[in-house]
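For reference, the structure is listed below as structure tokens.
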Amino acid sequence: MALAARNREALVEAGLLELLARVVGAWRELPHKGGAALVLAVEAAGLLSGRCDWQQRLRQADAIPLLRALSDHAAAHPEAAEAAGPAGELVRLLEEGHVAVCMAQHGRLGAGSGLGLLDESLTQMVLAFTIGGRFAPPAAPSQS
């Protein structure tokens, strides 16, 4: 179903990205077909990662550490080896925002970047979107 572009939006809106992240996190607890389910989950997540907002949903579902753990365990668990390559590619895709933010903050590379012009609250929002995680605005200053 994820192969057809017209189905992708409906699948994402139905929560498939978050479900796929949970499958990747729990693949060792699945029945004897855990390796096959893992490969399908990683491939489907890759197919559904074409939009920035969908990538953000994967980040918020903690897909990056789950995919990294999968790669780390691939040598010890042969059933995970087939999914390790696509998992690594998906992690690289999800971390592209990390590199862009680091480059924007570098003195030479980010010299023309507007990131340094933003106030702390807006910068945190940009970081939350590009790097992932849940945005928590800074605490308001106390009125003493």
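In the structure tokens, chains take letters A, B, ... by order of appearance, with residues numbered from 1 within each chain and ligands from 1 in the order shown.
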
Selection: 10 Å around Leu19 in chain A, only C-alpha atoms, excl. self and same-chain fewer than 3 positions, as a PyMOL selection string: chain A and resi 12+14-16+22-25+41+45+58+61

Which residues of range 40-84 of chain A have any atom within 10 Å of an atom in range 91-108 of chain A when counting only C-alpha atoms, and what is the closest pair of atoms for each, with the distance in Å to one decimal? Order the rows by chain and rising number and write it as CSV.
```
residue,atom,partner,partner_atom,distance
A:Gly46,CA,A:Leu93,CA,9.2
A:Ser49,CA,A:Leu93,CA,8.4
A:Gly50,CA,A:Leu93,CA,9.5
A:Cys52,CA,A:Leu94,CA,9.1
A:Gln55,CA,A:Leu94,CA,6.3
A:Gln56,CA,A:Leu94,CA,8.0
A:Leu58,CA,A:Leu94,CA,8.1
A:Arg59,CA,A:Leu94,CA,7.1
A:Ala63,CA,A:Val91,CA,8.1
A:Ile64,CA,A:Val91,CA,5.7
A:Pro65,CA,A:Val91,CA,8.7
A:Leu66,CA,A:Val91,CA,9.6
A:Leu67,CA,A:Val91,CA,6.7
A:Arg68,CA,A:Val91,CA,7.3
```

Keeping only all heavy atoms, write those residues as a tab-separated table (two decimals), in the first residue's frame.
```tsv
chain	number	residue	atom	x	y	z
A	46	GLY	N	10.81	4.03	5.20
A	46	GLY	CA	11.59	4.72	4.18
A	46	GLY	C	10.73	5.27	3.06
A	46	GLY	O	10.91	6.40	2.60
A	49	SER	N	8.89	8.52	4.15
A	49	SER	CA	9.71	9.58	4.73
A	49	SER	C	10.04	10.68	3.72
A	49	SER	O	10.98	11.43	3.92
A	49	SER	CB	11.01	8.99	5.28
A	49	SER	OG	11.77	8.43	4.23
A	50	GLY	N	9.25	10.80	2.68
A	50	GLY	CA	9.54	11.75	1.62
A	50	GLY	C	9.19	13.20	1.94
A	50	GLY	O	9.70	14.10	1.29
A	52	CYS	N	8.94	16.46	4.73
A	52	CYS	CA	9.56	16.95	5.97
A	52	CYS	C	8.67	16.73	7.19
A	52	CYS	O	9.16	16.34	8.25
A	52	CYS	CB	9.90	18.43	5.84
A	52	CYS	SG	11.23	18.75	4.67
A	55	GLN	N	8.88	13.15	8.14
A	55	GLN	CA	10.16	12.87	8.79
A	55	GLN	C	10.10	13.32	10.24
A	55	GLN	O	10.60	12.62	11.13
A	55	GLN	CB	11.30	13.59	8.06
A	55	GLN	CG	11.58	13.03	6.69
A	55	GLN	CD	12.57	13.87	5.92
A	55	GLN	OE1	13.27	14.70	6.47
A	55	GLN	NE2	12.63	13.67	4.62
A	56	GLN	N	9.48	14.46	10.47
A	56	GLN	CA	9.35	14.95	11.84
A	56	GLN	C	8.53	13.99	12.69
A	56	GLN	O	8.85	13.76	13.86
A	56	GLN	CB	8.73	16.35	11.86
A	56	GLN	CG	8.57	16.95	13.22
A	56	GLN	CD	9.89	17.17	13.95
A	56	GLN	OE1	10.97	16.98	13.40
A	56	GLN	NE2	9.81	17.56	15.20
A	58	LEU	N	8.44	10.79	12.36
A	58	LEU	CA	9.35	9.69	12.70
A	58	LEU	C	10.31	10.09	13.82
A	58	LEU	O	10.56	9.30	14.73
A	58	LEU	CB	10.14	9.25	11.46
A	58	LEU	CG	9.39	8.38	10.46
A	58	LEU	CD1	10.17	8.25	9.17
A	58	LEU	CD2	9.13	7.00	11.07
A	59	ARG	N	10.83	11.31	13.74
A	59	ARG	CA	11.72	11.78	14.82
A	59	ARG	C	10.99	11.80	16.15
A	59	ARG	O	11.52	11.37	17.17
A	59	ARG	CB	12.25	13.18	14.50
A	59	ARG	CG	13.26	13.23	13.39
A	59	ARG	CD	13.79	14.66	13.22
A	59	ARG	NE	14.40	14.82	11.93
A	59	ARG	CZ	13.80	15.40	10.89
A	59	ARG	NH1	12.58	15.92	11.00
A	59	ARG	NH2	14.41	15.49	9.73
A	63	ALA	N	12.30	7.36	16.26
A	63	ALA	CA	12.79	6.41	15.26
A	63	ALA	C	14.31	6.40	15.18
A	63	ALA	O	14.90	5.35	14.94
A	63	ALA	CB	12.19	6.72	13.89
A	64	ILE	N	14.96	7.55	15.37
A	64	ILE	CA	16.42	7.59	15.20
A	64	ILE	C	17.12	6.66	16.18
A	64	ILE	O	17.90	5.79	15.76
A	64	ILE	CB	16.96	9.04	15.28
A	64	ILE	CG1	16.48	9.83	14.06
A	64	ILE	CG2	18.49	9.05	15.35
A	64	ILE	CD1	16.83	11.31	14.09
A	65	PRO	N	16.89	6.76	17.50
A	65	PRO	CA	17.58	5.82	18.40
A	65	PRO	C	17.16	4.37	18.18
A	65	PRO	O	17.97	3.44	18.34
A	65	PRO	CB	17.23	6.31	19.80
A	65	PRO	CG	16.10	7.24	19.65
A	65	PRO	CD	16.13	7.77	18.25
A	66	LEU	N	15.91	4.15	17.80
A	66	LEU	CA	15.45	2.78	17.54
A	66	LEU	C	16.16	2.18	16.33
A	66	LEU	O	16.58	1.02	16.35
A	66	LEU	CB	13.93	2.75	17.34
A	66	LEU	CG	13.10	3.14	18.55
A	66	LEU	CD1	11.63	3.29	18.17
A	66	LEU	CD2	13.27	2.13	19.67
A	67	LEU	N	16.30	2.98	15.27
A	67	LEU	CA	16.99	2.51	14.07
A	67	LEU	C	18.48	2.31	14.33
A	67	LEU	O	19.08	1.38	13.80
A	67	LEU	CB	16.77	3.49	12.92
A	67	LEU	CG	15.34	3.55	12.38
A	67	LEU	CD1	15.13	4.80	11.53
A	67	LEU	CD2	14.99	2.29	11.60
A	68	ARG	N	19.06	3.18	15.13
A	68	ARG	CA	20.48	3.01	15.49
A	68	ARG	C	20.67	1.72	16.28
A	68	ARG	O	21.64	0.98	16.06
A	68	ARG	CB	20.96	4.19	16.32
A	68	ARG	CG	21.35	5.37	15.50
A	68	ARG	CD	22.26	6.27	16.33
A	68	ARG	NE	22.52	7.46	15.58
A	68	ARG	CZ	22.25	8.68	15.99
A	68	ARG	NH1	21.70	8.87	17.17
A	68	ARG	NH2	22.54	9.72	15.25
```

Using only C-alpha atoms for the distances, tell me which of A:Gly35, A:Arg51, A:Ser71, A:Arg28 is nearest to Glu9 in chain A.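 Nearest candidate to Glu9 in chain A out of A:Gly35, A:Arg51, A:Ser71, A:Arg28: A:Arg51.
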
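Comparing A:Asp53, A:Leu48, A:Glu79, A:Ala69 by their smallest distance to Leu30 in chain A, the closest is A:Glu79 (using only C-alpha atoms).
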
Report the residues of range 14-139 of chain A whose backbone DSSP state falls under alpha helix (DSSP H), written as number ranges by chain. A: 16-25, 34-47, 52-60, 63-73, 78-94, 96-105, 120-131

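Proximity ranking of A:Ala44, A:Ala75, A:Leu90, A:Ala80 relative to Ala26 in chain A places A:Ala80 first, based on only C-alpha atoms.
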
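Atom pair CA of His73 in chain A / CA of Gly85 in chain A: separated by 12.3 Å.
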